[in-house]
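my_file_35.csv, holding CSV, N, CA and C atoms:
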```csv
chain,number,residue,atom,x,y,z
K,7,MET,N,193.8,160.4,200.0
K,7,MET,CA,192.6,161.2,200.3
K,7,MET,C,192.8,162.6,199.7
K,8,HIS,N,193.9,163.2,199.9
K,8,HIS,CA,194.2,164.5,199.4
K,8,HIS,C,194.1,164.5,197.8
K,9,PHE,N,194.7,163.5,197.2
K,9,PHE,CA,194.7,163.4,195.7
K,9,PHE,C,193.2,163.3,195.2
K,10,ARG,N,192.4,162.5,195.9
K,10,ARG,CA,191.0,162.4,195.5
K,10,ARG,C,190.3,163.7,195.6
K,11,SER,N,190.5,164.5,196.6
K,11,SER,CA,189.9,165.8,196.8
K,11,SER,C,190.3,166.7,195.6
K,12,ILE,N,191.5,166.7,195.2
K,12,ILE,CA,192.0,167.5,194.1
K,12,ILE,C,191.3,167.1,192.8
K,13,ILE,N,191.2,165.8,192.6
K,13,ILE,CA,190.5,165.3,191.4
K,13,ILE,C,189.0,165.8,191.4
K,14,LEU,N,188.3,165.6,192.5
K,14,LEU,CA,186.9,166.0,192.6
K,14,LEU,C,186.8,167.5,192.3
K,15,LEU,N,187.6,168.3,192.9
K,15,LEU,CA,187.6,169.7,192.8
K,15,LEU,C,187.8,170.1,191.3
K,16,THR,N,188.8,169.5,190.7
K,16,THR,CA,189.1,169.8,189.3
K,16,THR,C,187.9,169.4,188.4
K,17,LEU,N,187.3,168.2,188.6
K,17,LEU,CA,186.2,167.8,187.8
K,17,LEU,C,185.0,168.8,188.0
K,18,GLY,N,184.8,169.2,189.2
K,18,GLY,CA,183.7,170.2,189.5
K,18,GLY,C,183.9,171.5,188.8
K,19,LEU,N,185.1,172.0,188.8
K,19,LEU,CA,185.4,173.3,188.1
K,19,LEU,C,185.3,173.1,186.6
K,20,ALA,N,185.8,172.0,186.1
K,20,ALA,CA,185.7,171.7,184.7
K,20,ALA,C,184.3,171.6,184.2
K,21,ALA,N,183.4,171.2,185.1
K,21,ALA,CA,182.0,171.1,184.7
K,21,ALA,C,181.2,172.4,184.8
K,22,GLY,N,182.0,173.4,185.2
K,22,GLY,CA,181.3,174.8,185.3
K,22,GLY,C,180.7,175.0,186.6
K,23,ALA,N,181.0,174.2,187.6
K,23,ALA,CA,180.4,174.5,189.0
K,23,ALA,C,181.0,175.7,189.6
K,24,THR,N,180.3,176.4,190.4
K,24,THR,CA,180.8,177.6,191.1
K,24,THR,C,181.2,177.1,192.5
K,25,ALA,N,182.4,176.9,192.7
K,25,ALA,CA,182.9,176.4,194.0
K,25,ALA,C,183.0,177.7,194.9
K,26,LEU,N,182.8,177.4,196.2
K,26,LEU,CA,182.8,178.5,197.2
K,26,LEU,C,184.0,178.3,198.1
K,27,ALA,N,184.8,179.4,198.2
K,27,ALA,CA,186.0,179.3,199.1
K,27,ALA,C,185.6,179.6,200.5
K,28,ALA,N,186.4,179.1,201.4
K,28,ALA,CA,186.3,179.5,202.8
K,28,ALA,C,186.6,181.0,203.0
K,29,PRO,N,185.8,181.7,203.7
K,29,PRO,CA,185.9,183.2,203.8
K,29,PRO,C,186.8,183.7,204.9
K,30,SER,N,187.7,182.9,205.4
K,30,SER,CA,188.4,183.2,206.6
K,30,SER,C,189.1,184.6,206.6
K,31,HIS,N,189.8,184.9,205.5
K,31,HIS,CA,190.5,186.2,205.5
K,31,HIS,C,189.9,187.2,204.5
K,32,HIS,N,188.8,186.9,203.9
K,32,HIS,CA,188.2,187.8,202.9
K,32,HIS,C,187.5,189.0,203.5
K,33,ARG,N,187.5,190.1,202.8
K,33,ARG,CA,186.7,191.3,203.1
K,33,ARG,C,186.0,191.6,201.8
K,34,VAL,N,184.8,192.1,201.9
K,34,VAL,CA,184.1,192.5,200.7
K,34,VAL,C,184.8,193.7,200.1
K,35,PRO,N,185.3,193.7,198.9
K,35,PRO,CA,186.0,194.8,198.3
K,35,PRO,C,185.2,195.9,197.8
K,36,LEU,N,184.3,196.4,198.6
K,36,LEU,CA,183.5,197.6,198.2
K,36,LEU,C,184.0,198.8,199.0
K,37,GLN,N,183.8,200.0,198.4
K,37,GLN,CA,184.1,201.2,199.1
K,37,GLN,C,183.0,201.4,200.1
K,38,ALA,N,183.4,201.9,201.3
K,38,ALA,CA,182.5,202.3,202.3
K,38,ALA,C,181.6,203.4,201.8
K,39,GLY,N,180.4,203.5,202.2
K,39,GLY,CA,179.5,204.6,201.8
K,39,GLY,C,178.1,204.3,201.7
K,40,THR,N,177.3,205.2,201.1
K,40,THR,CA,175.9,205.1,201.0
K,40,THR,C,175.6,204.5,199.6
K,41,TYR,N,174.8,203.4,199.5
K,41,TYR,CA,174.5,202.8,198.3
K,41,TYR,C,173.0,202.9,198.0
K,42,ILE,N,172.7,203.3,196.8
K,42,ILE,CA,171.2,203.5,196.5
K,42,ILE,C,170.9,202.5,195.3
K,43,LEU,N,169.6,202.2,195.3
K,43,LEU,CA,169.0,201.4,194.3
K,43,LEU,C,169.2,202.0,192.9
K,44,ASP,N,169.7,201.3,192.0
K,44,ASP,CA,169.9,201.8,190.6
K,44,ASP,C,168.5,202.3,190.1
K,45,GLY,N,168.6,203.5,189.5
K,45,GLY,CA,167.4,204.1,188.9
K,45,GLY,C,166.4,204.7,189.9
K,46,ALA,N,166.8,204.8,191.2
K,46,ALA,CA,165.8,205.3,192.2
K,46,ALA,C,165.9,206.8,192.3
K,47,GLY,N,166.9,207.4,191.9
K,47,GLY,CA,167.0,208.9,192.0
K,47,GLY,C,168.4,209.3,191.5
K,48,LYS,N,168.5,210.6,191.2
K,48,LYS,CA,169.7,211.2,190.8
K,48,LYS,C,170.7,211.5,191.9
K,49,ARG,N,170.2,211.8,193.1
K,49,ARG,CA,171.0,212.1,194.2
K,49,ARG,C,170.6,211.2,195.4
K,50,CYS,N,171.5,211.0,196.3
K,50,CYS,CA,171.3,210.2,197.5
K,50,CYS,C,170.0,210.7,198.2
K,51,ALA,N,169.9,212.0,198.3
K,51,ALA,CA,168.7,212.6,199.1
K,51,ALA,C,167.4,212.3,198.4
K,52,ASP,N,167.4,212.0,197.1
K,52,ASP,CA,166.2,211.7,196.4
K,52,ASP,C,165.6,210.3,196.6
K,53,VAL,N,166.4,209.4,197.2
K,53,VAL,CA,166.0,208.0,197.3
K,53,VAL,C,165.4,207.7,198.7
K,54,PRO,N,164.2,207.1,198.7
K,54,PRO,CA,163.6,206.8,200.0
K,54,PRO,C,164.4,205.7,200.7
K,55,ASN,N,164.2,205.6,202.0
K,55,ASN,CA,164.9,204.6,202.9
K,55,ASN,C,164.9,203.2,202.3
K,56,ALA,N,163.8,202.8,201.7
K,56,ALA,CA,163.7,201.4,201.2
K,56,ALA,C,164.7,201.2,200.1
K,57,GLY,N,165.2,202.2,199.4
K,57,GLY,CA,166.2,202.0,198.3
K,57,GLY,C,167.6,202.3,198.7
K,58,THR,N,167.9,202.3,200.0
K,58,THR,CA,169.2,202.7,200.5
K,58,THR,C,169.8,201.7,201.4
K,59,LEU,N,171.1,201.4,201.2
K,59,LEU,CA,171.9,200.5,202.1
K,59,LEU,C,173.2,201.3,202.4
K,60,TYR,N,173.8,200.9,203.5
K,60,TYR,CA,175.1,201.5,203.9
K,60,TYR,C,176.1,200.4,204.1
K,61,PHE,N,177.3,200.7,203.7
K,61,PHE,CA,178.4,199.8,203.9
K,61,PHE,C,179.5,200.5,204.6
K,62,ASP,N,179.9,200.0,205.8
K,62,ASP,CA,180.9,200.7,206.5
K,62,ASP,C,182.3,200.1,206.4
K,63,GLY,N,182.5,199.3,205.4
K,63,GLY,CA,183.8,198.6,205.2
K,63,GLY,C,183.8,197.2,205.6
K,64,LYS,N,182.8,196.8,206.5
K,64,LYS,CA,182.6,195.5,206.9
K,64,LYS,C,181.2,195.0,207.0
K,65,ASN,N,180.3,195.9,207.4
K,65,ASN,CA,178.9,195.6,207.7
K,65,ASN,C,178.0,196.2,206.6
K,66,LEU,N,177.0,195.4,206.1
K,66,LEU,CA,176.0,195.9,205.2
K,66,LEU,C,174.8,196.3,206.1
K,67,ILE,N,174.4,197.5,206.1
K,67,ILE,CA,173.5,198.1,207.0
K,67,ILE,C,172.2,198.6,206.3
K,68,GLY,N,171.1,198.1,206.7
K,68,GLY,CA,169.8,198.6,206.1
K,68,GLY,C,169.4,199.9,206.8
K,69,PRO,N,168.5,200.6,206.3
K,69,PRO,CA,168.1,201.9,206.8
K,69,PRO,C,167.6,201.9,208.2
K,70,HIS,N,167.0,200.8,208.7
K,70,HIS,CA,166.4,200.7,210.0
K,70,HIS,C,167.2,199.7,210.9
K,71,ASP,N,168.4,199.3,210.5
K,71,ASP,CA,169.2,198.3,211.3
K,71,ASP,C,170.0,199.1,212.3
K,72,HIS,N,170.3,198.4,213.4
K,72,HIS,CA,171.2,198.9,214.5
K,72,HIS,C,172.1,197.7,214.9
K,73,ASP,N,173.2,198.0,215.4
K,73,ASP,CA,174.2,197.0,215.9
K,73,ASP,C,174.4,195.9,215.0
K,74,VAL,N,174.7,196.2,213.7
K,74,VAL,CA,174.8,195.2,212.7
K,74,VAL,C,176.2,194.6,212.8
K,75,GLN,N,176.2,193.2,212.6
K,75,GLN,CA,177.5,192.5,212.5
K,75,GLN,C,177.3,191.6,211.3
K,76,THR,N,178.1,191.8,210.3
K,76,THR,CA,178.1,191.1,209.1
K,76,THR,C,179.3,190.1,209.0
K,77,SER,N,179.0,188.9,208.6
K,77,SER,CA,180.1,188.0,208.4
K,77,SER,C,180.0,187.4,207.0
K,78,ILE,N,181.1,187.0,206.4
K,78,ILE,CA,181.1,186.4,205.1
K,78,ILE,C,181.0,184.9,205.3
K,79,LYS,N,180.0,184.3,204.7
K,79,LYS,CA,179.8,182.9,204.8
K,79,LYS,C,180.5,182.2,203.7
K,80,SER,N,180.5,182.8,202.5
K,80,SER,CA,181.3,182.2,201.4
K,80,SER,C,181.6,183.2,200.3
K,81,VAL,N,182.6,182.9,199.5
K,81,VAL,CA,183.0,183.7,198.4
K,81,VAL,C,183.2,182.8,197.2
K,82,SER,N,182.7,183.2,196.0
K,82,SER,CA,182.9,182.4,194.8
K,82,SER,C,184.4,182.4,194.4
K,83,THR,N,184.8,181.4,193.7
K,83,THR,CA,186.2,181.3,193.3
K,83,THR,C,186.7,182.5,192.5
K,84,ASP,N,185.8,183.1,191.8
K,84,ASP,CA,186.2,184.3,191.0
K,84,ASP,C,186.3,185.6,191.9
K,85,GLY,N,185.9,185.5,193.1
K,85,GLY,CA,185.9,186.6,194.1
K,85,GLY,C,184.9,187.7,193.8
K,86,GLN,N,183.8,187.4,193.0
K,86,GLN,CA,182.8,188.4,192.6
K,86,GLN,C,181.5,188.2,193.4
K,87,THR,N,181.3,187.0,193.9
K,87,THR,CA,180.0,186.8,194.6
K,87,THR,C,180.2,186.4,196.1
K,88,TYR,N,179.6,187.2,196.9
K,88,TYR,CA,179.7,187.0,198.4
K,88,TYR,C,178.4,186.7,199.0
K,89,THR,N,178.4,185.6,199.8
K,89,THR,CA,177.2,185.3,200.6
K,89,THR,C,177.5,185.9,202.0
K,90,LEU,N,176.6,186.8,202.5
K,90,LEU,CA,176.8,187.4,203.8
K,90,LEU,C,175.7,187.1,204.7
K,91,ARG,N,176.1,187.0,206.0
K,91,ARG,CA,175.1,186.8,207.1
K,91,ARG,C,175.2,188.1,207.9
K,92,SER,N,174.1,188.8,208.0
K,92,SER,CA,174.0,190.0,208.9
K,92,SER,C,173.1,189.7,210.0
K,93,ILE,N,173.6,190.0,211.2
K,93,ILE,CA,172.8,190.0,212.4
K,93,ILE,C,172.6,191.4,212.9
K,94,SER,N,171.4,191.8,213.1
K,94,SER,CA,171.1,193.2,213.5
K,94,SER,C,170.0,193.3,214.4
K,95,THR,N,169.8,194.5,215.0
K,95,THR,CA,168.7,194.8,215.8
K,95,THR,C,167.8,195.7,215.1
K,96,SER,N,166.5,195.4,215.1
K,96,SER,CA,165.5,196.4,214.7
K,96,SER,C,164.5,196.5,215.8
K,97,TYR,N,163.4,197.3,215.6
K,97,TYR,CA,162.5,197.5,216.7
K,97,TYR,C,161.1,197.2,216.2
K,98,ASP,N,160.3,196.5,217.0
K,98,ASP,CA,158.9,196.2,216.6
K,98,ASP,C,158.0,197.4,216.9
K,99,MET,N,156.7,197.3,216.7
K,99,MET,CA,155.8,198.4,216.8
K,99,MET,C,155.7,198.9,218.2
K,100,ASN,N,156.1,198.1,219.2
K,100,ASN,CA,156.0,198.5,220.6
K,100,ASN,C,157.4,199.0,221.1
K,101,ASP,N,158.3,199.3,220.1
K,101,ASP,CA,159.6,199.8,220.4
K,101,ASP,C,160.5,198.8,221.1
K,102,LYS,N,160.2,197.5,221.0
K,102,LYS,CA,161.0,196.5,221.6
K,102,LYS,C,162.1,196.0,220.6
K,103,PRO,N,163.3,195.8,221.1
K,103,PRO,CA,164.4,195.4,220.2
K,103,PRO,C,164.1,193.9,219.7
K,104,VAL,N,164.4,193.7,218.5
K,104,VAL,CA,164.3,192.3,217.9
K,104,VAL,C,165.5,192.0,217.1
K,105,ARG,N,166.2,190.9,217.5
K,105,ARG,CA,167.4,190.5,216.8
K,105,ARG,C,167.0,189.7,215.5
K,106,GLU,N,167.6,190.1,214.4
K,106,GLU,CA,167.3,189.4,213.1
K,106,GLU,C,168.6,188.9,212.5
K,107,SER,N,168.4,187.8,211.8
K,107,SER,CA,169.5,187.3,211.0
K,107,SER,C,169.1,187.1,209.6
K,108,ARG,N,169.9,187.6,208.6
K,108,ARG,CA,169.5,187.4,207.2
K,108,ARG,C,170.7,187.1,206.4
K,109,LEU,N,170.5,186.3,205.3
K,109,LEU,CA,171.5,185.9,204.4
K,109,LEU,C,171.3,186.8,203.1
K,110,GLN,N,172.4,187.4,202.6
K,110,GLN,CA,172.3,188.1,201.4
K,110,GLN,C,173.4,187.7,200.5
K,111,ILE,N,173.1,187.7,199.2
K,111,ILE,CA,174.1,187.3,198.2
K,111,ILE,C,174.4,188.6,197.4
K,112,LEU,N,175.6,189.0,197.3
K,112,LEU,CA,176.0,190.2,196.6
K,112,LEU,C,176.9,189.7,195.4
K,113,GLN,N,176.6,190.2,194.2
K,113,GLN,CA,177.5,190.0,193.1
K,113,GLN,C,178.1,191.4,192.7
K,114,LEU,N,179.4,191.5,192.9
K,114,LEU,CA,180.1,192.7,192.7
K,114,LEU,C,180.2,193.1,191.3
K,115,ARG,N,180.0,194.4,191.0
K,115,ARG,CA,180.2,194.9,189.6
K,115,ARG,C,181.2,196.0,189.6
K,116,GLY,N,182.1,195.9,190.5
K,116,GLY,CA,183.2,196.9,190.7
K,116,GLY,C,183.3,197.2,192.2
K,117,LYS,N,184.1,198.2,192.5
K,117,LYS,CA,184.3,198.6,193.9
K,117,LYS,C,183.3,199.5,194.4
K,118,ALA,N,182.3,199.9,193.6
K,118,ALA,CA,181.3,200.9,194.0
K,118,ALA,C,179.9,200.5,193.5
K,119,SER,N,179.7,199.2,193.1
K,119,SER,CA,178.4,198.8,192.8
K,119,SER,C,178.2,197.2,192.9
K,120,PHE,N,177.0,196.8,193.1
K,120,PHE,CA,176.8,195.4,193.3
K,120,PHE,C,175.3,195.1,193.0
K,121,ARG,N,175.0,193.8,192.8
K,121,ARG,CA,173.6,193.4,192.6
K,121,ARG,C,173.3,192.4,193.7
K,122,MET,N,172.1,192.4,194.2
K,122,MET,CA,171.6,191.4,195.1
K,122,MET,C,171.2,190.2,194.2
K,123,ILE,N,171.5,189.0,194.7
K,123,ILE,CA,171.1,187.8,194.0
K,123,ILE,C,170.0,187.1,194.8
K,124,ASP,N,168.9,186.7,194.1
K,124,ASP,CA,167.9,186.0,194.8
K,124,ASP,C,168.4,184.6,195.3
K,125,ARG,N,168.3,184.3,196.5
K,125,ARG,CA,168.8,183.1,197.1
K,125,ARG,C,168.2,181.9,196.6
K,126,LYS,N,166.9,181.9,196.2
K,126,LYS,CA,166.2,180.8,195.7
K,126,LYS,C,166.4,180.5,194.3
K,127,THR,N,166.4,181.5,193.4
K,127,THR,CA,166.6,181.3,192.0
K,127,THR,C,168.0,181.5,191.5
K,128,GLY,N,168.8,182.2,192.3
K,128,GLY,CA,170.2,182.5,191.8
K,128,GLY,C,170.3,183.6,190.8
K,129,LYS,N,169.1,184.2,190.5
K,129,LYS,CA,169.1,185.3,189.5
K,129,LYS,C,169.3,186.7,190.1
K,130,PRO,N,170.0,187.5,189.3
K,130,PRO,CA,170.2,188.9,189.8
K,130,PRO,C,168.9,189.6,190.0
K,131,GLU,N,168.9,190.4,191.1
K,131,GLU,CA,167.7,191.3,191.4
K,131,GLU,C,168.2,192.7,191.4
K,132,SER,N,167.9,193.4,192.4
K,132,SER,CA,168.2,194.9,192.5
K,132,SER,C,169.7,195.2,192.4
K,133,GLY,N,170.0,196.2,191.7
K,133,GLY,CA,171.4,196.7,191.6
K,133,GLY,C,171.5,197.9,192.5
K,134,PHE,N,172.7,198.1,193.1
K,134,PHE,CA,173.0,199.3,194.0
K,134,PHE,C,174.3,199.9,193.5
K,135,HIS,N,174.4,201.2,193.7
K,135,HIS,CA,175.6,201.9,193.4
K,135,HIS,C,175.9,202.9,194.5
K,136,ARG,N,177.2,203.2,194.7
K,136,ARG,CA,177.6,204.1,195.7
K,136,ARG,C,177.3,205.5,195.2
K,137,CYS,N,176.7,206.3,196.1
K,137,CYS,CA,176.4,207.7,195.8
K,137,CYS,C,177.1,208.7,196.7
K,138,GLY,N,177.8,208.2,197.7
K,138,GLY,CA,178.4,209.2,198.6
K,138,GLY,C,178.9,208.5,199.9
K,139,PRO,N,179.4,209.3,200.8
K,139,PRO,CA,179.9,208.7,202.0
K,139,PRO,C,178.7,208.3,202.9
K,140,MET,N,179.1,207.6,203.9
K,140,MET,CA,178.1,207.1,204.9
K,140,MET,C,177.8,208.2,205.9
K,141,PRO,N,176.5,208.5,206.1
K,141,PRO,CA,176.2,209.5,207.1
K,141,PRO,C,176.4,208.9,208.5
K,142,LYS,N,176.7,209.8,209.5
K,142,LYS,CA,177.1,209.4,210.8
K,142,LYS,C,175.9,208.6,211.5
K,143,LYS,N,174.7,209.0,211.1
K,143,LYS,CA,173.5,208.3,211.8
K,143,LYS,C,173.4,206.8,211.3
K,144,ALA,N,174.0,206.4,210.2
K,144,ALA,CA,173.8,205.1,209.7
K,144,ALA,C,174.9,204.1,210.3
K,145,ARG,N,175.9,204.6,211.0
K,145,ARG,CA,177.0,203.8,211.5
K,145,ARG,C,176.4,202.9,212.6
K,146,SER,N,176.8,201.6,212.4
K,146,SER,CA,176.3,200.6,213.4
K,146,SER,C,177.0,200.6,214.7
```
Mind turning this structure into structure tokens?
Amino acid sequence: MHFRSIILLTLGLAAGATALAAPSHHRVPLQAGTYILDGAGKRCADVPNAGTLYFDGKNLIGPHDHDVQTSIKSVSTDGQTYTLRSISTSYDMNDKPVRESRLQILQLRGKASFRMIDRKTGKPESGFHRCGPMPKKARS
């Protein structure tokens, strides 16, 4: 059985398949800080909330997220593409807390930049780059 698994994995990799590794000990190798949408402004302060994400070393935090817990669901064999599940709290129009879960795929372009990948098409979407440290108000 073990031999068969090795053969199937080898054939899959030889065919150009992107195998995903179990994420048990992985961390996303990005620098903690404020990340802004590529082309959205020259300074962090110039970018509206919609174009800003925060990374605290473990959690990917949106501008309106609270109590974020991010886990790595999978990592590509080349270590450049991470599928993350983030569970967070946001608030509805009546100020009631709402728990949300979302999957995000990040393709790293270094320790301070990444692209979001569309989950349905697998194509790169928005790029983000680090522009400074994380503000205290954004910490989950």
TODO: Kindly indicate which residue among K:Pro54, K:Pro139, K:His70, K:Ser80 lies nearest to K:Val104, using only C-alpha atoms for the distances.
DONE: K:His70
TODO: Extract, using only C-alpha atoms, all DNA, RNA and protein residues at most 12 Å from stretch 94-100 of chain K, discarding same-chain residues fewer than 4 positions from it, and format them as a list of chain:residue names.
DONE: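 Listing them by chain and then by number gives K:Asn65, K:Leu66, K:Ile67, K:Gly68, K:Pro69, K:His70, K:Asp71, K:His72, K:Asp73, K:Val74, K:Gln75, K:Thr76, K:Ser77, K:Val104, K:Arg105, K:Glu106, K:Ser107, K:Arg108, K:Leu109, K:Ser146.
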- [ ] Can you work out which one of K:Lys117, K:Lys142, K:Lys129, K:Arg49 has the shortest atom-to-atom distance to K:Val34, counting all atoms listed in the file?
- [x] K:Lys117
Open item on the list: From the options K:Lys102, K:Ile78, K:His135, K:Ser92, which residue's atoms come nearest to K:Ala118, counting only C-alpha atoms?
Closed with: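 Counting only C-alpha atoms, the residue closest to K:Ala118 is K:His135.
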TODO: Work out how far apart atom CA of K:Gln113 and atom CA of K:Gln86 are and give it in Å to one decimal.
DONE: 5.6 Å
Task: Pick from K:Met140, K:Leu36, K:Val53, K:Val81, whichever lies nearest to K:Gly116 using all atoms listed in the file - done: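 Among K:Met140, K:Leu36, K:Val53, K:Val81, it is K:Leu36 that comes nearest to K:Gly116.
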Open item on the list: To one decimal place in Å, what is the distance between atom CA of K:Cys50 and atom C of K:Ala38?
Closed with: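 Between these atoms lies a distance of 13.1 Å.
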Task: Å distance separating atom CA of K:Gly39 from atom CA of K:Ala56, one decimal place - done: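 Atom CA of K:Gly39 sits 16.1 Å away from atom CA of K:Ala56.
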Open item on the list: Using all atoms listed in the file for the distances, tell me which of K:Cys137, K:Ile111, K:Ile93, K:Met122 is nearest to K:Lys48.
Closed with: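 Closest to K:Lys48, using all atoms listed in the file: K:Cys137.
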Task: Residue nearest K:Gly57 - candidates K:Gly128, K:Gln110, K:Thr83, K:Phe134, atoms counted: all atoms listed in the file - done: K:Phe134
- [ ] From stretch 21-132 of chain K, collect each residue whose DSSP state is strand (DSSP E) and return the set as an MDAnalysis selection string.
- [x] chainID K and resid 26:27 39:43 58:61 66:67 72:82 87:97 103:114 119:123 130:132
